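**Student:** Please see the structure below; I have some questions.
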Amino acid sequence: MLNKLYDWVDERLDITPIWRDIADHEVPEHVNPAHHFSAFVYCFGGLTFFITVIQILSGMFLTMYYVPDIENAWQSVYYLQNEVAFGEIVRGMHHWGASLVVVMIFLHTLRVFFTGSYKKPRELNWVVGVLLFGVILGLSFTGYLLPWDMKALFATKVGIEIAASVPLVGGMIKTLLAGDATILGAQTLTRFFAIHVFFLPAALLGLLAAHFIMIRRQGISGPL
Amino acid sequence: MHRGKGMKFVGDSRVPGMEHRKPNIPKDYSEYPGKTEAFWPNFLLKEWMIGAVFLIGYLLLTIAHPSPLEGQADPTDTAYIPLPDWYFLFLYQLLKYEFASGPFNIVGAIIIPGLAFGALALAPFLDRGPERRPSKRPLPTGFMLLAIASIIFLTWESVANHDWEAAEAQGQITEEVEIDTTDPGYEIYAGSACISCHGDNLEGAVGPTLVGTGLTPEEIAEIAVNGIEEGGAMIMPPSWDGTEEDLQVMAEFISGLEAE
C-alpha cells in the first residue's frame with residue numbers, strides 16, 4: 001500500500017534522488033561510537049540539534065497558553081505550570097532544554113575546536129556555527145524575560161544595561177530591545193516575545209540549514 | 001525529439017521518464033576504508049538509541065526538578081538582587097571586579113567578551129597551519145584551555161558569593177487571598193495592634209504575612225500574648241491587650257487563613 005503510494009508520487013515527481021542524496025552518505029569509523037567509544041564526542045552536535053527540535057516543539061505548545069502582556073504573562077505561566085494537564089512537563093522541557101542546549105552547543109564547539117576541524121576547507125561552517133552559538137545565547141536571554149517573574153525582570157534590566165554600555169550605539173540598542181529609552185515594561189515584553197518567537201528562530205533555522213548543507217557537501221572531517 | 005540535455009520527458013513535465021531514473025537502492029560502502037557504514041538506516045538507528053537514552057534522562061530531570069517560577073515582576077522593588085541564568089553567571093561575575101567595573105565597566109562588559117567571542121569566530125583565520133592535533137598547535141589549545149578555566153572559575157566565584165537563601169526568599173510568590181473583612185475575627189484584628197505590622201490584608205509589612213502560617217489557634221494566641229524571642233532579642237513584641245474571648249476568635253480566624 002505504502003509502496004504503491006510512493007511509486008505513484010515518484011512516477012510523477014521523481015522524489016527518490018531528493019531523499020537518497022540526504023540518506024546515502026557514509027559514516028566513517030572514527031566518528032562511530034559503536035566502534036570507538038571515545039567517538040561519543042561526535043554526538044554533541046546531533047544532540048544539540050535534537051534538543052533544538054524539542055525546544056521548537058515545546059515552545060509551540062507553550063504559546064498555546066502564554067500571553068505576552070504584563071498583566072497576564074505571569075498569570076498564564078502560573079496557570080500553565082499548575083493547572084494545565086502536563087503543562088509542568090512541557091514548560092519543564094523548555095526550561096531545562098534551554099540549559100541543555102547551551103551545554104551541548106558548548107561541548108560541540110569544544111569538540112570541533114580541539115579536533116582542529118574548523119581548518120581549511122571548513123572555515124565557513126565554523127563561522128556559521130559561532131553565529132548559531134550567538135543566536136542560541138540570544139534565545140536564552142530573551143526567553144528568560146518571558147515568564148515575567150522577579151528574576152526575569154531584574155536579570156533583563158542588568159542585561160539591557162550591559163547592552164546600553166556599548167560605545168556609540170549603546171543607547172540605540174537599548175531602545176531597540178526595550179522599546180523605550182528609559183522604561184523596561186510592556187513594550188519590552190512584547191519585543192522580547194517577538195524576538196524570541198519569530199526573529200531569532202528564523203535566523204536559527206536559516207543558519208542551521210546552511211550548517212547542514214555545508215557538512216553534507218564537505219563530509220565530516222577525517223581522523224586526527 | 002530531444003529537449004534539454006537529451007532527457008526524455010513525460011508529457012509536459014520536466015520530470016524525466018522512468019528509464020532515466022536513479023535506482024532506489026543504497027550505495028555500496030564496501031570500498032570505503034575501515035568500518036565505514038551507511039548513515040541510512042544503519043547509523044541513524046544507533047543515533048536514535050542514543051537519543052532515546054538522552055531523552056529519558058532529560059525527562060527525569062524535568063520531573064525531578066519542576067521549573068522555577070518566582071513572584072510576578074514588580075519593578076518598584078528596589079531591594080531585589082538580580083541574578084542571570086547560570087550560563088551567564090561568569091559574565092556577570094566579571095563585572096564585579098575592580099578592573100572591569102565602575103569607570104572600567106566597558107572593559108568587562110564589552111572589550112573582554114567581545115575579544116573572546118571575536119577570536120572564537122575568527123579561529124580558522126587566526127590558526128591557519130595545517131596541524132590539527134591539539135598538542136601540535138599549543139597557542140590555540142592554550143588560549144582555549146585558559147578560556148575554559150576562566151569560565152569555570154568565574155562561575156564558581158559567582159555561585160560561592162551569592163546569597164542563595166536570600167535569593168530564594170526574595171523571589172517567593174506571595175499568596176494573595178480574599179480576606180473576609182466582615183468576619184468578627186478580622187474586626188478584632190483590625191482593632192488590635194497586630195494590624196500595624198501585619199498589614200490590612202494580613203499580607204505582611206514590618207512583620208511577616210499571617211496567611212497560611214500553618215499554626216494552630218493555641219499557638220497563634222500564645223505568640224500574640226508573649227511575642228517571639230529569637231537569639232535574645234524580641235523579634236515580635238508581646239502585643240495582645242484585649243480579652244481572652246476576643247483573642248480566641250481572632251486566633252481561630254488567622255489560623256483558618258489558607259493560601260490558595
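In the C-alpha cells, the first chain shown is A, the next is B, and so on; residue numbers restart at 1 for each chain, and ligands run from 1 in the order shown.
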Could you write out as a PDB file with N, CA and C atoms, in the first residue's frame the residues of chain B within 7 Å of chain A, counting only C-alpha atoms?
**Tutor:**
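Everything below was put into out.pdb:
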ATOM      1  N   VAL B  15       9.996  16.383 -15.330  1.00  0.00           N
ATOM      2  CA  VAL B  15      10.473  15.166 -14.668  1.00  0.00           C
ATOM      3  C   VAL B  15      10.814  14.119 -15.720  1.00  0.00           C
ATOM      4  N   MET B  18      10.737   7.142 -16.621  1.00  0.00           N
ATOM      5  CA  MET B  18      11.155   6.127 -15.651  1.00  0.00           C
ATOM      6  C   MET B  18      12.500   5.501 -16.012  1.00  0.00           C
ATOM      7  N   LYS B  22      17.112   7.497 -11.139  1.00  0.00           N
ATOM      8  CA  LYS B  22      18.126   6.992 -10.215  1.00  0.00           C
ATOM      9  C   LYS B  22      17.526   5.780  -9.501  1.00  0.00           C
ATOM     10  N   ASN B  24      16.448   3.177  -6.710  1.00  0.00           N
ATOM     11  CA  ASN B  24      16.181   3.370  -5.283  1.00  0.00           C
ATOM     12  C   ASN B  24      16.853   2.275  -4.462  1.00  0.00           C
ATOM     13  N   PRO B  26      20.520   1.446  -1.914  1.00  0.00           N
ATOM     14  CA  PRO B  26      21.603   2.133  -1.211  1.00  0.00           C
ATOM     15  C   PRO B  26      22.931   2.019  -1.958  1.00  0.00           C
ATOM     16  N   LYS B  27      23.812   2.968  -1.661  1.00  0.00           N
ATOM     17  CA  LYS B  27      25.165   2.915  -2.208  1.00  0.00           C
ATOM     18  C   LYS B  27      25.904   1.721  -1.626  1.00  0.00           C
ATOM     19  N   GLY B  34      38.175   1.253   6.515  1.00  0.00           N
ATOM     20  CA  GLY B  34      37.783   0.912   7.885  1.00  0.00           C
ATOM     21  C   GLY B  34      36.385   0.356   7.968  1.00  0.00           C
ATOM     22  N   LYS B  35      35.738   0.608   9.116  1.00  0.00           N
ATOM     23  CA  LYS B  35      34.398   0.069   9.322  1.00  0.00           C
ATOM     24  C   LYS B  35      33.358   1.132   8.992  1.00  0.00           C
ATOM     25  N   THR B  36      33.509   1.790   7.875  1.00  0.00           N
ATOM     26  CA  THR B  36      32.532   2.777   7.432  1.00  0.00           C
ATOM     27  C   THR B  36      31.183   2.103   7.227  1.00  0.00           C
ATOM     28  N   GLU B  37      30.119   2.779   7.685  1.00  0.00           N
ATOM     29  CA  GLU B  37      28.792   2.207   7.440  1.00  0.00           C
ATOM     30  C   GLU B  37      27.851   3.273   6.888  1.00  0.00           C
ATOM     31  N   ALA B  38      26.703   2.784   6.425  1.00  0.00           N
ATOM     32  CA  ALA B  38      25.745   3.697   5.811  1.00  0.00           C
ATOM     33  C   ALA B  38      25.060   4.519   6.887  1.00  0.00           C
ATOM     34  N   PHE B  39      24.837   5.792   6.586  1.00  0.00           N
ATOM     35  CA  PHE B  39      24.091   6.626   7.527  1.00  0.00           C
ATOM     36  C   PHE B  39      22.664   6.097   7.646  1.00  0.00           C
ATOM     37  N   TRP B  40      22.058   5.851   6.456  1.00  0.00           N
ATOM     38  CA  TRP B  40      20.678   5.357   6.421  1.00  0.00           C
ATOM     39  C   TRP B  40      20.687   3.900   5.985  1.00  0.00           C
ATOM     40  N   THR B  62      13.357  16.809  34.193  1.00  0.00           N
ATOM     41  CA  THR B  62      12.172  17.668  34.155  1.00  0.00           C
ATOM     42  C   THR B  62      11.202  17.337  35.281  1.00  0.00           C
ATOM     43  N   ILE B  63      11.042  16.022  35.539  1.00  0.00           N
ATOM     44  CA  ILE B  63      10.075  15.609  36.553  1.00  0.00           C
ATOM     45  C   ILE B  63      10.642  15.828  37.956  1.00  0.00           C
ATOM     46  N   PRO B  66      10.915  20.540  38.938  1.00  0.00           N
ATOM     47  CA  PRO B  66       9.970  21.410  38.212  1.00  0.00           C
ATOM     48  C   PRO B  66      10.607  22.779  37.982  1.00  0.00           C
ATOM     49  N   SER B  67      10.330  23.374  36.831  1.00  0.00           N
ATOM     50  CA  SER B  67      10.991  24.647  36.539  1.00  0.00           C
ATOM     51  C   SER B  67      10.501  25.732  37.493  1.00  0.00           C
ATOM     52  N   LEU B  69       9.417  29.288  39.234  1.00  0.00           N
ATOM     53  CA  LEU B  69       8.670  30.494  38.879  1.00  0.00           C
ATOM     54  C   LEU B  69       8.603  31.363  40.123  1.00  0.00           C
ATOM     55  N   GLU B  70       9.186  32.556  40.030  1.00  0.00           N
ATOM     56  CA  GLU B  70       9.163  33.462  41.184  1.00  0.00           C
ATOM     57  C   GLU B  70       7.891  34.301  41.139  1.00  0.00           C
ATOM     58  N   GLY B  71       7.764  35.191  42.119  1.00  0.00           N
ATOM     59  CA  GLY B  71       6.598  36.071  42.171  1.00  0.00           C
ATOM     60  C   GLY B  71       6.541  36.963  40.940  1.00  0.00           C
ATOM     61  N   GLN B  72       5.345  37.485  40.657  1.00  0.00           N
ATOM     62  CA  GLN B  72       5.181  38.335  39.480  1.00  0.00           C
ATOM     63  C   GLN B  72       6.103  39.543  39.558  1.00  0.00           C
ATOM     64  N   ALA B  73       6.615  39.963  38.390  1.00  0.00           N
ATOM     65  CA  ALA B  73       7.565  41.069  38.319  1.00  0.00           C
ATOM     66  C   ALA B  73       6.988  42.322  38.950  1.00  0.00           C
ATOM     67  N   ASP B  74       7.803  42.952  39.798  1.00  0.00           N
ATOM     68  CA  ASP B  74       7.392  44.176  40.463  1.00  0.00           C
ATOM     69  C   ASP B  74       8.528  45.180  40.326  1.00  0.00           C
ATOM     70  N   PRO B  82      19.502  41.072  41.509  1.00  0.00           N
ATOM     71  CA  PRO B  82      19.282  40.320  40.267  1.00  0.00           C
ATOM     72  C   PRO B  82      20.301  39.202  40.084  1.00  0.00           C
ATOM     73  N   LEU B  83      19.883  38.188  39.348  1.00  0.00           N
ATOM     74  CA  LEU B  83      20.784  37.086  39.025  1.00  0.00           C
ATOM     75  C   LEU B  83      20.392  36.536  37.660  1.00  0.00           C
ATOM     76  N   PRO B  84      21.345  36.446  36.724  1.00  0.00           N
ATOM     77  CA  PRO B  84      21.014  35.883  35.420  1.00  0.00           C
ATOM     78  C   PRO B  84      20.948  34.358  35.499  1.00  0.00           C
ATOM     79  N   ILE B 106      33.374  49.271  30.688  1.00  0.00           N
ATOM     80  CA  ILE B 106      33.437  48.886  29.278  1.00  0.00           C
ATOM     81  C   ILE B 106      34.401  47.726  29.060  1.00  0.00           C
ATOM     82  N   ALA B 109      32.283  44.681  30.246  1.00  0.00           N
ATOM     83  CA  ALA B 109      31.017  44.473  29.552  1.00  0.00           C
ATOM     84  C   ALA B 109      31.206  44.267  28.059  1.00  0.00           C
ATOM     85  N   ILE B 110      32.201  44.924  27.467  1.00  0.00           N
ATOM     86  CA  ILE B 110      32.317  44.879  26.015  1.00  0.00           C
ATOM     87  C   ILE B 110      33.661  44.298  25.551  1.00  0.00           C
ATOM     88  N   ALA B 121      35.098  33.334  16.752  1.00  0.00           N
ATOM     89  CA  ALA B 121      34.510  33.340  15.412  1.00  0.00           C
ATOM     90  C   ALA B 121      35.591  33.305  14.338  1.00  0.00           C
ATOM     91  N   PRO B 124      39.481  30.025  12.591  1.00  0.00           N
ATOM     92  CA  PRO B 124      40.115  29.410  11.418  1.00  0.00           C
ATOM     93  C   PRO B 124      41.076  30.348  10.694  1.00  0.00           C
ATOM     94  N   ARG B 128      46.020  29.160  11.117  1.00  0.00           N
ATOM     95  CA  ARG B 128      45.911  28.763   9.713  1.00  0.00           C
ATOM     96  C   ARG B 128      46.756  27.562   9.347  1.00  0.00           C
ATOM     97  N   ARG B 132      46.302  19.619  12.995  1.00  0.00           N
ATOM     98  CA  ARG B 132      45.001  19.537  13.651  1.00  0.00           C
ATOM     99  C   ARG B 132      45.099  19.062  15.090  1.00  0.00           C
ATOM    100  N   ARG B 133      46.141  18.273  15.423  1.00  0.00           N
ATOM    101  CA  ARG B 133      46.239  17.759  16.798  1.00  0.00           C
ATOM    102  C   ARG B 133      46.438  18.902  17.785  1.00  0.00           C
ATOM    103  N   PRO B 134      45.696  18.900  18.917  1.00  0.00           N
ATOM    104  CA  PRO B 134      45.829  19.985  19.899  1.00  0.00           C
ATOM    105  C   PRO B 134      47.273  20.168  20.358  1.00  0.00           C
ATOM    106  N   GLY B 171      12.364  35.922  46.021  1.00  0.00           N
ATOM    107  CA  GLY B 171      11.608  35.592  44.825  1.00  0.00           C
ATOM    108  C   GLY B 171      10.294  34.894  45.104  1.00  0.00           C
TER     109      GLY B 171
END
**Student:** If DSSP is run on the backbone, what residues of stretch 161-191 of chain A are alpha helix (DSSP H)? A reply as number ranges by chain would be ideal.
**Tutor:** A: 161-164, 170-178, 186-191
**Student:** Generate a file of the selected residues that holds C-alpha atoms, formatted as a PDB file, in the first residue's frame.
**Tutor:**
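Saved to result_5.pdb:
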ATOM      1  CA  GLU A 161      22.213  47.971  30.953  1.00  0.00           C
ATOM      2  CA  ILE A 162      25.194  45.975  29.670  1.00  0.00           C
ATOM      3  CA  ALA A 163      23.961  46.354  26.087  1.00  0.00           C
ATOM      4  CA  ALA A 164      23.493  50.091  26.709  1.00  0.00           C
ATOM      5  CA  GLY A 170      24.520  51.519  23.121  1.00  0.00           C
ATOM      6  CA  GLY A 171      21.534  53.810  23.545  1.00  0.00           C
ATOM      7  CA  MET A 172      20.061  52.728  20.233  1.00  0.00           C
ATOM      8  CA  ILE A 173      20.450  49.040  21.082  1.00  0.00           C
ATOM      9  CA  LYS A 174      18.715  49.682  24.393  1.00  0.00           C
ATOM     10  CA  THR A 175      15.785  51.443  22.723  1.00  0.00           C
ATOM     11  CA  LEU A 176      15.554  48.730  20.092  1.00  0.00           C
ATOM     12  CA  LEU A 177      15.409  45.947  22.695  1.00  0.00           C
ATOM     13  CA  ALA A 178      13.391  47.641  25.429  1.00  0.00           C
ATOM     14  CA  ALA A 186       5.046  46.351  28.414  1.00  0.00           C
ATOM     15  CA  GLN A 187       6.937  47.225  25.216  1.00  0.00           C
ATOM     16  CA  THR A 188       9.976  45.278  26.350  1.00  0.00           C
ATOM     17  CA  LEU A 189       7.942  42.150  26.965  1.00  0.00           C
ATOM     18  CA  THR A 190       6.264  42.204  23.538  1.00  0.00           C
ATOM     19  CA  ARG A 191       9.582  42.925  21.819  1.00  0.00           C
TER      20      ARG A 191
END
**Student:** Neighbouring residues of B:Leu95 were defined as those with any atom within 10 Å, considering only C-alpha atoms; residues of the same chain fewer than 2 positions away were excluded. Please report them as a PyMOL selection string.
**Tutor:** (chain A and resi 162) or (chain B and resi 90-93+97-102+104-109)
**Student:** Near B:Thr213, within 10 Å and counting only C-alpha atoms, which residues show up once chain neighbours fewer than 5 positions away are dropped, as a ChimeraX atom specification?
**Tutor:** /B:208,220,254-259
